[in-house]
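The structure appears below as structure tokens.
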Amino acid sequence: MPATIASPSYTVILTHEHTDFDALAAMLAAAKLWPLAVPVLPRQMNRNLEAFLAVYRDALPFVRLEDLPRRRIDHAILVDTQAVQPVRGMYPGTTGHVVDHHPLMRELSPGWTFSGEEVGATTTLLVERLAETALPLAPVEATLLALGIYEDTGALSYETTTPRDLRSAGWLMERGANLLLVNKFLHHPLTDEQRQLYSQLAENSQPYQFHGHSIIIATATAPQPVEEISTLAHKLHDLYEPDAIFMLVAMGGDHVQFVARSTSDAVDVGKIAAALGGGGHSRAAAALIREGTLHSIYETLVYLLQSHVKPTVTVGQIMSYGAPQTLAPGDTVADAAARVSRYGFEGFPVMESGRVIGMLTRREIDRAMHHGLGRHPISRYMRAGEVYVTPDDSAEQLRRVMTEQDWGQVPVLDPQTGALLGIVTRTDLIKQWAGGVAPQAENLSGRMAKSLPAPLLDLLKEAGAAAGAMGYPLYAVGGFVRDLLLETPNFDVDLVVEGDAIKLAQALAGRLGGHVRSHRRFGTAKWLMADSEWPVAKQLSAIGHTLALDFVTARTEFYEHPTALPTVERSSIKQDLHRRDFTINTLAVRLTPDRWGELLDFYGGRRDLDDGLIRVLHNLSFVEDPTRILRAARFEQRFSFRIEPRTEELIGDARDLLERVSAERIRHELELIMAEAEPEHALGRLADLGVLVALHPELRCDPWLASKAVELRSQIVQAQDGASVAPPPMALAADAPPRLHMALFTYNLTAAALGEFIAKFRIRREYRELQEEASRGRDVVRRLEQNHLRPSEVVILLEEFTPEARLLLRVVSDSWLARQRLDQYQRRLRHVRPILDGDDLRRMGIEPGRIYSQLLERLRAAHLDGEISTREEEEALVRQVWEGKT
């Protein structure tokens with residue numbers, strides 16, 4: 001870039017029409033560097049620029065085109081564009097200098113020069129010169145220059161952003177740049193016409209992938225021209241986050257406007273626009289197309305993308321060539337272990353008839369050998385699937401395959417012959433990233449701010465800040481993150497620390513109050529805040545949140561034998577997440593301030609959430625912990641997901657191992673199922689998988705049970721409604737629903753089978769008693785269905801049962817008469833008592849003893865059956881009974 005301009009008599013600073021903030025800010029920077037040059041405002045500027053200038057124009061040096069002096073222009077400085085838009089006073093001899101942050105894409109006329117480098121914004125190039133010359137800046141000038149950098153870099157978030165952009169933005173902030181104003185003018189509200197057009201574009205957006213690069217093509221029709229549709233391209237990009245976005249808008253019936261934006265070197269939108277008769281550069285381009293229909297232009301665009309989008313790095317450039325070691329599905333695990341020992345490879349493709357059918361990794365081999373499964377065929381433990389790439393596939397496509405399949409080694413096949421050419425590994429991909437930028441992790445900070453109560457959010461931020469100060473990465477993991485992504489409220493937070501969880505909890509308690517309970521052997525700590533004076537603790541209490549926070553040191557698990565409880569060792573967050581049951585539960589979110597809200601997804605959990613799949617992390621998952629079988633069905637039915645086919649196959653292989661699991665662990669999983677909103681769905685799935693009969697041969701989940709479970713929930717709600725008529729209102733304990741569902745589940749078991757079930761799984765007393773009551777109630781229900789049954793007999797039958805048991809009997813009975821009698825008991829009969837009491841009997845001269853209870857019961861029965869109703873009638877009946885006994 002020249003340091004001075006060669007004494008022009010009159011110099012102007014120009015930029016492109018439809019001016020954005022980068023162009024306007026670059027003009028200001030050029031005016032500061034060359035104070036004799038006149039920065040000329042274009043005729044057409046984006047609305048947010050016009051709004052900014054309406055407030056701050058008097059503090060800035062810009063001149064409108066119509067106010068230019070009527071003199072010859074000898075020199076022009078062109079910023080953020082390479083296309084000259086002549087203005088009055090320019091002539092063929094006018095010289096010029098171009099400043100742009102894109103490579104030179106045309107031949108310059110004689111007397112013209114170019115300077116530029118590939119950074120995020122043209123403004124950055126000029127701000128660097130300003131910093132070198134130490135020219136003073138007013139705050140409004142610093143703010144405009146910051147707007148230029150922030151707009152073209154997506155607030156420093158686009159892939160094209162460089163460290164130079166960040167340094168320039170920081171330098172401007174030191175000189176008074178106002179980020180509140182930056183945010184205000186970068187997020188200018190859309191007009192009504194723009195909003196309508198944006199809705200069309202969003203609805204008509206079609207996704208494509210070319211060589212692993214994500215593309216969105218959006219179409220719309222507008223009866224009248226709409227201004228600044230390029231603004232909508234930015235909004236659509238923020239919505240879909242593709243590598244490139246293309247908009248086709250039929251305007252006014254006589255032309256189609258084409259706008260494109262790209263964030264990838266592999267998608268040069270300038271070349272595609274040129275093919276359509278337009279122009280621009282590799283990152284932003286436009287065209288006005290007057291020939292062809294919207295549909296035909298769309299088809300032409302797809303064709304151009306197929307021919308223009310190229311992979312920046314191919315698999316062939318990074319793979320290892322040469323036929324790798326392979327296994328056959330019939331080879332044993334011991335054979336594979338011998339290969340690992342001999343060659344040291346981390347995995348082997350499994351081939352059958354020249355076709356890839358799976359991959360067996362060293363991790364599966366080691367686990368299977370540890371469990372004494374060396375003689376088993378590897379087909380039982382391999383990662384099944386015809387997964388491969390070709391040498392022409394992009395590195396981005398390879399990354400997607402590795403992420404989706406969780407394969408660290410991927411076979412490379414000849415696309416023509418299908419022959420195995422070699423293998424490509426995660427290490428190859430990581431080495432390629434060393435020269436570029438790794439994919440950006442999803443950030444959940446916005447979701448957390450929207451979904452979590454403010455006190456809980458403050459608590460997590462405080463814990464994250466404390467962990468960061470100690471150098472400990474801190475993560476929220478598992479169900480909390482899963483449900484955050486599913487937009488399901490879950491405020492039960494599990495925290496994992498890559499460091500000393502006990503020290504972290506103690507540090508928080510020491511600074512904010514409360515005390516800590518810890519278990520050093522397992523590296524766990526609970527921070528109890530009930531006695532803390534910290535305001536956030538009091539706010540948590542006010543919203544009914546638990547005043548405790550659990551911390552766990554990141555750990556890995558090793559199973560000494562199938563179904564055993566694991567041995568725990570300290571490890572990394574990645575290893576900690578690998579011990580989880582299913583991929584959807586392996587997600588973590590970083591809580592330390594430096595990476596607040598960053599999502600960690602090592603095992604494809606995000607993808608499986610989107611696809612609605614329940615998938616285990618490895619083929620020995622159910623062997624190591626068969627209770628995961630019950631959890632698979634529970635999560636599948638809770639979220640209306642489906643168990644992934646290979647995972648379902650592994651359930652069948654490991655089902656018999658449930659017999660070797662402790663009673664308490666099976667019971668715990670059954671109780672969790674009964675606590676689900678609709679437990680019959682999980683039970684039905686377990687029946688389909690053959691799991692219920694594996695637990696006990698008489699367990700069933702048939703249509704009767706499914707329909708009665710629905711009815712049970714309905715009657716629980718009605719019974720808790722004070723105005724309910726049928727069933728009558730009754731007080732139920734908070735834990736009644738899962739106990740009722742368990743009792744319903746076992747209702748049709750014979751007394752002997754129920755006894756076996758209770759003994760086998762060591763059913764807890766609160767569940768057991770209701771199950772046994774329900775079992776005894778089968779005979780009672782049959783008695784209640786008889787016509788000739790006096791009210792007193794109904795009371796005798798039902799008074800030994802708890803309210804929960806009577807409600808369950810009402811549900812299981814299909815007899816109108818039995819239900820009426822159950823309702824009568826609940827509503828009226830159970831409240832009937834004699835008028836006389838023990839004192840009255842004494843005054844009548846009857847000696848105290850067992851006779852009192854017999855007389856009072858006789859009086860109650862007489863009242864119930866309508867034989868008596870007054871005190872006198874009671875006294876007469878007492879004398880009659882007493883005299884008969886004496």
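Here's how to read the names in the structure tokens: chain A, B, ... by the order shown, residue numbers from 1 in each chain, ligand numbers from 1 in the order shown.
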What's around Gly446 of chain A at 12 Å? Count only C-alpha atoms, leave out sequence neighbours fewer than 2 positions away in its own chain, and write the answer as a ChimeraX atom specification. /A:442-444,448-452,457,484-485,596-599
Can you tell me which residues surround segment 748-759 of chain A at a distance of at most 7 Å, considering only C-alpha atoms, apart from same-chain residues fewer than 3 positions away, and format the answer as a PyMOL selection string? chain A and resi 698+762-763+768+775
Measure the distance from atom CA of Ser157 of chain A to atom CA of Asp22 of chain A in Å and round it to one decimal. 15.5 Å
Find the residues near segment 808-825 of chain A: any atom within 7 Å, counting only C-alpha atoms, skip ones fewer than 3 places away on the same chain, and give them as a list of chain:residue names.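 Those residues are A:Lys708, A:Glu711, A:Leu712, A:Ala726, A:Pro727, A:Pro728, A:Leu740, A:Ala774, A:Gly777, A:Val781, A:Leu784, A:Glu785, A:Val795, A:Glu804, A:Ala805, A:Arg828, A:Leu829, A:Arg830.
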Give the helix (DSSP H, G or I) residues of segment 381-549 of chain A, as assigned by DSSP on the backbone, as a short mmCIF file (atom, residue, chain, number, x, y, z; two decimals) with N, CA, C and O atoms, in the first residue's frame.
```
data_model
loop_
_atom_site.label_atom_id
_atom_site.label_comp_id
_atom_site.auth_asym_id
_atom_site.auth_seq_id
_atom_site.Cartn_x
_atom_site.Cartn_y
_atom_site.Cartn_z
N ALA A 395 -12.01 -34.07 2.75
CA ALA A 395 -11.69 -34.27 4.17
C ALA A 395 -12.91 -33.99 5.04
O ALA A 395 -13.10 -34.62 6.08
N GLU A 396 -13.76 -33.04 4.59
CA GLU A 396 -14.97 -32.74 5.34
C GLU A 396 -15.92 -33.93 5.33
O GLU A 396 -16.52 -34.27 6.35
N GLN A 397 -16.04 -34.61 4.16
CA GLN A 397 -16.87 -35.80 4.09
C GLN A 397 -16.32 -36.90 5.00
O GLN A 397 -17.07 -37.60 5.69
N LEU A 398 -15.00 -37.05 5.03
CA LEU A 398 -14.37 -38.02 5.91
C LEU A 398 -14.69 -37.71 7.37
O LEU A 398 -15.00 -38.62 8.15
N ARG A 399 -14.60 -36.44 7.73
CA ARG A 399 -14.91 -36.05 9.12
C ARG A 399 -16.34 -36.43 9.46
O ARG A 399 -16.61 -36.95 10.55
N ARG A 400 -17.26 -36.20 8.54
CA ARG A 400 -18.67 -36.55 8.82
C ARG A 400 -18.83 -38.06 9.00
O ARG A 400 -19.56 -38.51 9.87
N VAL A 401 -18.18 -38.84 8.15
CA VAL A 401 -18.28 -40.30 8.27
C VAL A 401 -17.74 -40.75 9.62
O VAL A 401 -18.36 -41.57 10.32
N MET A 402 -16.59 -40.22 10.01
CA MET A 402 -16.00 -40.61 11.29
C MET A 402 -16.90 -40.22 12.45
O MET A 402 -17.06 -40.96 13.42
N THR A 403 -17.49 -39.04 12.36
CA THR A 403 -18.36 -38.56 13.44
C THR A 403 -19.63 -39.38 13.53
O THR A 403 -20.05 -39.81 14.61
N GLU A 404 -20.26 -39.63 12.38
CA GLU A 404 -21.54 -40.32 12.38
C GLU A 404 -21.39 -41.80 12.74
O GLU A 404 -22.23 -42.37 13.42
N GLN A 405 -20.31 -42.44 12.29
CA GLN A 405 -20.13 -43.87 12.53
C GLN A 405 -19.26 -44.17 13.74
O GLN A 405 -19.19 -45.30 14.19
N ARG A 426 -8.15 -41.06 12.09
CA ARG A 426 -8.36 -39.77 12.75
C ARG A 426 -7.05 -38.98 12.83
O ARG A 426 -7.04 -37.76 12.72
N THR A 427 -5.95 -39.70 13.04
CA THR A 427 -4.66 -39.01 13.10
C THR A 427 -4.37 -38.29 11.80
O THR A 427 -3.87 -37.16 11.79
N ASP A 428 -4.68 -38.94 10.66
CA ASP A 428 -4.49 -38.28 9.36
C ASP A 428 -5.31 -37.00 9.28
O ASP A 428 -4.85 -35.97 8.77
N LEU A 429 -6.54 -37.08 9.77
CA LEU A 429 -7.42 -35.91 9.71
C LEU A 429 -6.92 -34.79 10.63
O LEU A 429 -6.93 -33.61 10.26
N ILE A 430 -6.45 -35.16 11.81
CA ILE A 430 -5.94 -34.16 12.74
C ILE A 430 -4.71 -33.46 12.17
O ILE A 430 -4.54 -32.25 12.29
N LYS A 431 -3.84 -34.24 11.50
CA LYS A 431 -2.67 -33.63 10.88
C LYS A 431 -3.08 -32.64 9.80
O LYS A 431 -2.45 -31.60 9.63
N GLN A 432 -4.13 -32.96 9.06
CA GLN A 432 -4.63 -32.03 8.04
C GLN A 432 -5.15 -30.75 8.68
O GLN A 432 -4.95 -29.66 8.17
N TRP A 433 -5.81 -30.88 9.83
CA TRP A 433 -6.33 -29.70 10.51
C TRP A 433 -5.22 -28.77 10.97
O TRP A 433 -5.43 -27.59 11.16
N SER A 445 -24.81 -21.71 25.07
CA SER A 445 -25.00 -20.66 26.07
C SER A 445 -26.36 -19.98 25.92
O SER A 445 -27.02 -19.66 26.91
N GLY A 446 -26.80 -19.77 24.68
CA GLY A 446 -28.11 -19.16 24.46
C GLY A 446 -29.24 -20.04 24.97
O GLY A 446 -30.18 -19.55 25.59
N ARG A 447 -29.15 -21.34 24.70
CA ARG A 447 -30.18 -22.27 25.19
C ARG A 447 -30.21 -22.28 26.71
O ARG A 447 -31.30 -22.32 27.32
N MET A 448 -29.04 -22.25 27.33
CA MET A 448 -28.99 -22.28 28.79
C MET A 448 -29.61 -21.02 29.37
O MET A 448 -30.39 -21.09 30.34
N ALA A 449 -29.29 -19.88 28.80
CA ALA A 449 -29.85 -18.62 29.30
C ALA A 449 -31.37 -18.60 29.16
O ALA A 449 -32.08 -18.05 30.01
N LYS A 450 -31.87 -19.22 28.10
CA LYS A 450 -33.31 -19.23 27.85
C LYS A 450 -34.05 -20.25 28.71
O LYS A 450 -35.17 -20.00 29.16
N SER A 451 -33.41 -21.40 28.97
CA SER A 451 -34.11 -22.53 29.58
C SER A 451 -33.97 -22.61 31.09
O SER A 451 -34.85 -23.15 31.75
N ALA A 454 -32.80 -18.24 36.47
CA ALA A 454 -31.65 -17.36 36.66
C ALA A 454 -30.75 -17.78 37.82
O ALA A 454 -29.52 -17.78 37.68
N PRO A 455 -31.29 -18.18 38.97
CA PRO A 455 -30.39 -18.59 40.07
C PRO A 455 -29.56 -19.82 39.72
O PRO A 455 -28.39 -19.90 40.10
N LEU A 456 -30.15 -20.78 39.01
CA LEU A 456 -29.39 -21.97 38.63
C LEU A 456 -28.30 -21.61 37.63
O LEU A 456 -27.17 -22.12 37.71
N LEU A 457 -28.61 -20.71 36.70
CA LEU A 457 -27.60 -20.25 35.75
C LEU A 457 -26.45 -19.56 36.48
O LEU A 457 -25.27 -19.80 36.19
N ASP A 458 -26.79 -18.72 37.47
CA ASP A 458 -25.75 -18.04 38.26
C ASP A 458 -24.90 -19.05 39.03
O ASP A 458 -23.68 -18.90 39.14
N LEU A 459 -25.54 -20.09 39.55
CA LEU A 459 -24.82 -21.13 40.29
C LEU A 459 -23.80 -21.83 39.38
O LEU A 459 -22.64 -22.03 39.76
N LEU A 460 -24.23 -22.19 38.18
CA LEU A 460 -23.32 -22.88 37.26
C LEU A 460 -22.18 -21.97 36.81
O LEU A 460 -21.04 -22.42 36.66
N LYS A 461 -22.49 -20.69 36.60
CA LYS A 461 -21.42 -19.75 36.21
C LYS A 461 -20.41 -19.58 37.35
O LYS A 461 -19.20 -19.51 37.11
N GLU A 462 -20.90 -19.55 38.56
CA GLU A 462 -20.00 -19.40 39.71
C GLU A 462 -19.12 -20.65 39.85
O GLU A 462 -17.91 -20.54 40.10
N ALA A 463 -19.72 -21.81 39.69
CA ALA A 463 -18.94 -23.05 39.76
C ALA A 463 -17.92 -23.10 38.64
O ALA A 463 -16.76 -23.51 38.85
N GLY A 464 -18.33 -22.68 37.44
CA GLY A 464 -17.41 -22.67 36.31
C GLY A 464 -16.25 -21.70 36.52
O GLY A 464 -15.10 -22.01 36.19
N ALA A 465 -16.55 -20.53 37.08
CA ALA A 465 -15.49 -19.54 37.33
C ALA A 465 -14.50 -20.05 38.37
O ALA A 465 -13.28 -19.89 38.23
N ALA A 466 -15.02 -20.70 39.41
CA ALA A 466 -14.13 -21.25 40.44
C ALA A 466 -13.25 -22.35 39.86
O ALA A 466 -12.04 -22.43 40.14
N ALA A 467 -13.84 -23.22 39.02
CA ALA A 467 -13.06 -24.28 38.40
C ALA A 467 -11.99 -23.70 37.47
O ALA A 467 -10.84 -24.14 37.47
N GLY A 468 -12.38 -22.67 36.70
CA GLY A 468 -11.42 -22.04 35.80
C GLY A 468 -10.25 -21.43 36.55
O GLY A 468 -9.10 -21.52 36.11
N ALA A 469 -10.55 -20.80 37.68
CA ALA A 469 -9.49 -20.18 38.48
C ALA A 469 -8.51 -21.22 39.02
O ALA A 469 -7.34 -20.93 39.25
N GLY A 479 -27.86 -36.35 31.10
CA GLY A 479 -29.27 -36.03 30.86
C GLY A 479 -29.56 -34.55 30.85
O GLY A 479 -30.45 -34.09 30.12
N PHE A 480 -28.83 -33.77 31.62
CA PHE A 480 -29.03 -32.32 31.63
C PHE A 480 -28.80 -31.75 30.24
O PHE A 480 -29.60 -30.94 29.73
N VAL A 481 -27.70 -32.14 29.59
CA VAL A 481 -27.38 -31.62 28.26
C VAL A 481 -28.34 -32.20 27.22
O VAL A 481 -28.82 -31.49 26.34
N ARG A 482 -28.60 -33.48 27.34
CA ARG A 482 -29.55 -34.13 26.41
C ARG A 482 -30.90 -33.42 26.43
O ARG A 482 -31.45 -33.04 25.38
N ASP A 483 -31.44 -33.18 27.61
CA ASP A 483 -32.75 -32.57 27.71
C ASP A 483 -32.72 -31.10 27.34
O ASP A 483 -33.73 -30.54 26.87
N LEU A 484 -31.58 -30.44 27.52
CA LEU A 484 -31.44 -29.05 27.08
C LEU A 484 -31.60 -28.98 25.56
O LEU A 484 -32.30 -28.11 25.03
N LEU A 485 -30.98 -29.92 24.86
CA LEU A 485 -31.09 -29.94 23.40
C LEU A 485 -32.48 -30.38 22.95
O LEU A 485 -32.94 -29.97 21.88
N ALA A 501 -12.36 -32.90 42.22
CA ALA A 501 -13.73 -32.45 42.48
C ALA A 501 -13.90 -32.03 43.94
O ALA A 501 -14.63 -31.08 44.24
N ILE A 502 -13.23 -32.71 44.83
CA ILE A 502 -13.38 -32.40 46.26
C ILE A 502 -12.79 -31.03 46.57
O ILE A 502 -13.39 -30.21 47.27
N LYS A 503 -11.60 -30.75 46.03
CA LYS A 503 -10.99 -29.43 46.25
C LYS A 503 -11.85 -28.32 45.68
O LYS A 503 -11.98 -27.24 46.27
N LEU A 504 -12.46 -28.55 44.51
CA LEU A 504 -13.32 -27.53 43.91
C LEU A 504 -14.52 -27.25 44.79
O LEU A 504 -14.86 -26.09 45.05
N ALA A 505 -15.18 -28.30 45.27
CA ALA A 505 -16.35 -28.11 46.14
C ALA A 505 -15.95 -27.39 47.42
O ALA A 505 -16.67 -26.50 47.91
N GLN A 506 -14.82 -27.74 47.98
CA GLN A 506 -14.36 -27.10 49.21
C GLN A 506 -14.03 -25.63 48.98
O GLN A 506 -14.30 -24.79 49.84
N ALA A 507 -13.47 -25.32 47.82
CA ALA A 507 -13.17 -23.92 47.50
C ALA A 507 -14.45 -23.10 47.41
O ALA A 507 -14.52 -21.96 47.90
N LEU A 508 -15.49 -23.65 46.79
CA LEU A 508 -16.77 -22.94 46.69
C LEU A 508 -17.40 -22.75 48.06
O LEU A 508 -17.90 -21.67 48.38
N ALA A 509 -17.39 -23.79 48.86
CA ALA A 509 -17.97 -23.69 50.20
C ALA A 509 -17.18 -22.71 51.05
O ALA A 509 -17.77 -21.94 51.84
N GLY A 510 -15.86 -22.70 50.92
CA GLY A 510 -15.05 -21.78 51.71
C GLY A 510 -15.30 -20.33 51.36
O GLY A 510 -15.22 -19.44 52.22
N ARG A 511 -15.66 -20.06 50.10
CA ARG A 511 -15.87 -18.67 49.69
C ARG A 511 -17.33 -18.23 49.81
O ARG A 511 -17.61 -17.09 50.13
N LEU A 512 -18.27 -19.17 49.58
CA LEU A 512 -19.68 -18.78 49.51
C LEU A 512 -20.53 -19.39 50.61
O LEU A 512 -21.73 -19.12 50.68
N PRO A 535 -26.50 -14.99 48.38
CA PRO A 535 -27.83 -14.63 47.86
C PRO A 535 -28.37 -15.62 46.83
O PRO A 535 -29.58 -15.89 46.81
N VAL A 536 -27.51 -16.16 45.99
CA VAL A 536 -27.99 -17.10 44.97
C VAL A 536 -28.57 -18.35 45.63
O VAL A 536 -29.57 -18.91 45.16
N ALA A 537 -27.97 -18.80 46.74
CA ALA A 537 -28.51 -19.96 47.45
C ALA A 537 -29.92 -19.68 47.95
O ALA A 537 -30.80 -20.54 47.88
N LYS A 538 -30.13 -18.47 48.45
CA LYS A 538 -31.47 -18.11 48.93
C LYS A 538 -32.46 -18.04 47.76
O LYS A 538 -33.63 -18.40 47.90
N GLN A 539 -31.99 -17.56 46.61
CA GLN A 539 -32.87 -17.51 45.43
C GLN A 539 -33.22 -18.92 44.96
O GLN A 539 -34.36 -19.19 44.54
N LEU A 540 -32.25 -19.83 45.02
CA LEU A 540 -32.53 -21.23 44.66
C LEU A 540 -33.57 -21.83 45.58
O LEU A 540 -34.49 -22.54 45.15
N SER A 541 -33.44 -21.53 46.87
CA SER A 541 -34.42 -22.03 47.84
C SER A 541 -35.80 -21.49 47.54
O SER A 541 -36.80 -22.20 47.65
N ALA A 542 -35.85 -20.21 47.14
CA ALA A 542 -37.14 -19.57 46.87
C ALA A 542 -37.88 -20.22 45.71
O ALA A 542 -39.11 -20.22 45.68
#
```
Who sits within 7 Å of segment 491-499 of chain A, only C-alpha atoms, same chain under 4 positions skipped, as a VMD selection string: chain A and resid 472 to 477 480 550 to 554 572 to 573
Between atom CA of Ala287 of chain A and atom CA of Ala274 of chain A, measure the distance and give it in Å to one decimal.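 Here the two named atoms are 7.8 Å from each other.
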Exercise: Leu288 of chain A partners within 8 Å, only C-alpha atoms, chain neighbours under 5 positions left out, as number ranges by chain: A: 255-258, 277-278
Keeping only N, CA, C and O atoms, write the selected residues as a PDB file, in the first residue's frame.
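After the write, again_29.pdb holds the following:
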```pdb
ATOM      1  N   HIS A 255     -37.359  -9.960 -13.708  1.00  0.00           N
ATOM      2  CA  HIS A 255     -35.982 -10.385 -13.507  1.00  0.00           C
ATOM      3  C   HIS A 255     -35.864 -11.211 -12.227  1.00  0.00           C
ATOM      4  O   HIS A 255     -36.768 -11.200 -11.378  1.00  0.00           O
ATOM      5  N   VAL A 256     -34.755 -11.929 -12.136  1.00  0.00           N
ATOM      6  CA  VAL A 256     -34.442 -12.704 -10.936  1.00  0.00           C
ATOM      7  C   VAL A 256     -33.157 -12.152 -10.347  1.00  0.00           C
ATOM      8  O   VAL A 256     -32.163 -11.972 -11.067  1.00  0.00           O
ATOM      9  N   GLN A 257     -33.211 -11.836  -9.070  1.00  0.00           N
ATOM     10  CA  GLN A 257     -32.027 -11.321  -8.385  1.00  0.00           C
ATOM     11  C   GLN A 257     -31.316 -12.469  -7.683  1.00  0.00           C
ATOM     12  O   GLN A 257     -31.929 -13.251  -6.944  1.00  0.00           O
ATOM     13  N   PHE A 258     -30.031 -12.568  -7.918  1.00  0.00           N
ATOM     14  CA  PHE A 258     -29.190 -13.631  -7.362  1.00  0.00           C
ATOM     15  C   PHE A 258     -28.241 -13.004  -6.342  1.00  0.00           C
ATOM     16  O   PHE A 258     -27.558 -12.026  -6.633  1.00  0.00           O
ATOM     17  N   GLY A 277     -23.820 -14.071 -15.247  1.00  0.00           N
ATOM     18  CA  GLY A 277     -23.837 -12.702 -15.759  1.00  0.00           C
ATOM     19  C   GLY A 277     -23.650 -11.639 -14.699  1.00  0.00           C
ATOM     20  O   GLY A 277     -23.834 -10.446 -14.975  1.00  0.00           O
ATOM     21  N   GLY A 278     -23.273 -12.046 -13.497  1.00  0.00           N
ATOM     22  CA  GLY A 278     -23.069 -11.073 -12.429  1.00  0.00           C
ATOM     23  C   GLY A 278     -21.613 -10.973 -12.059  1.00  0.00           C
ATOM     24  O   GLY A 278     -20.718 -11.235 -12.872  1.00  0.00           O
TER      25      GLY A 278
END
```
Residues within 7 Å of Val259 of chain A, only C-alpha atoms, excluding chain neighbours under 6 positions, as a PyMOL selection string: chain A and resi 230+246-248+285-287
Provide the atom CA of Gly514 of chain A to atom CA of Ser532 of chain A distance in Å, to one decimal place.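 Between these atoms lies a distance of 4.6 Å.
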Just want the 12 Å neighbourhood of Phe210 of chain A, counted on only C-alpha atoms, with same-chain residues fewer than 2 positions away dropped. Output as a ChimeraX atom specification. /A:207-208,212-216,242-244,266-267,302-312,392-394,396-397
Take the residues from that selection and put them in a file with C-alpha atoms, as a JSON list (two decimals), in the first residue's frame.
```
[["chain", "number", "residue", "atom", "x", "y", "z"],
["A", 207, "PRO", "CA", -30.08, -28.16, 1.51],
["A", 208, "TYR", "CA", -27.37, -29.70, -0.68],
["A", 212, "GLY", "CA", -18.84, -32.53, 1.84],
["A", 213, "HIS", "CA", -19.65, -28.80, 1.74],
["A", 214, "SER", "CA", -23.10, -27.73, 2.95],
["A", 215, "ILE", "CA", -25.07, -25.49, 0.58],
["A", 216, "ILE", "CA", -28.46, -23.79, 0.97],
["A", 242, "PRO", "CA", -24.03, -23.60, 5.75],
["A", 243, "ASP", "CA", -20.70, -23.22, 3.97],
["A", 244, "ALA", "CA", -22.49, -21.11, 1.35],
["A", 266, "ALA", "CA", -14.07, -24.35, -1.70],
["A", 267, "VAL", "CA", -17.20, -22.42, -2.75],
["A", 302, "VAL", "CA", -27.32, -26.60, -9.19],
["A", 303, "TYR", "CA", -25.37, -27.58, -12.32],
["A", 304, "LEU", "CA", -22.84, -24.79, -11.70],
["A", 305, "LEU", "CA", -22.40, -25.89, -8.09],
["A", 306, "GLN", "CA", -21.71, -29.46, -9.19],
["A", 307, "SER", "CA", -18.93, -28.27, -11.48],
["A", 308, "HIS", "CA", -17.50, -25.40, -9.41],
["A", 309, "VAL", "CA", -17.45, -26.72, -5.83],
["A", 310, "LYS", "CA", -14.27, -28.66, -5.26],
["A", 311, "PRO", "CA", -12.88, -30.31, -2.11],
["A", 312, "THR", "CA", -10.02, -28.26, -0.69],
["A", 392, "ASP", "CA", -11.80, -38.23, -4.23],
["A", 393, "ASP", "CA", -13.99, -37.60, -1.17],
["A", 394, "SER", "CA", -13.27, -34.43, 0.74],
["A", 396, "GLU", "CA", -14.97, -32.74, 5.34],
["A", 397, "GLN", "CA", -16.87, -35.80, 4.09]]
```
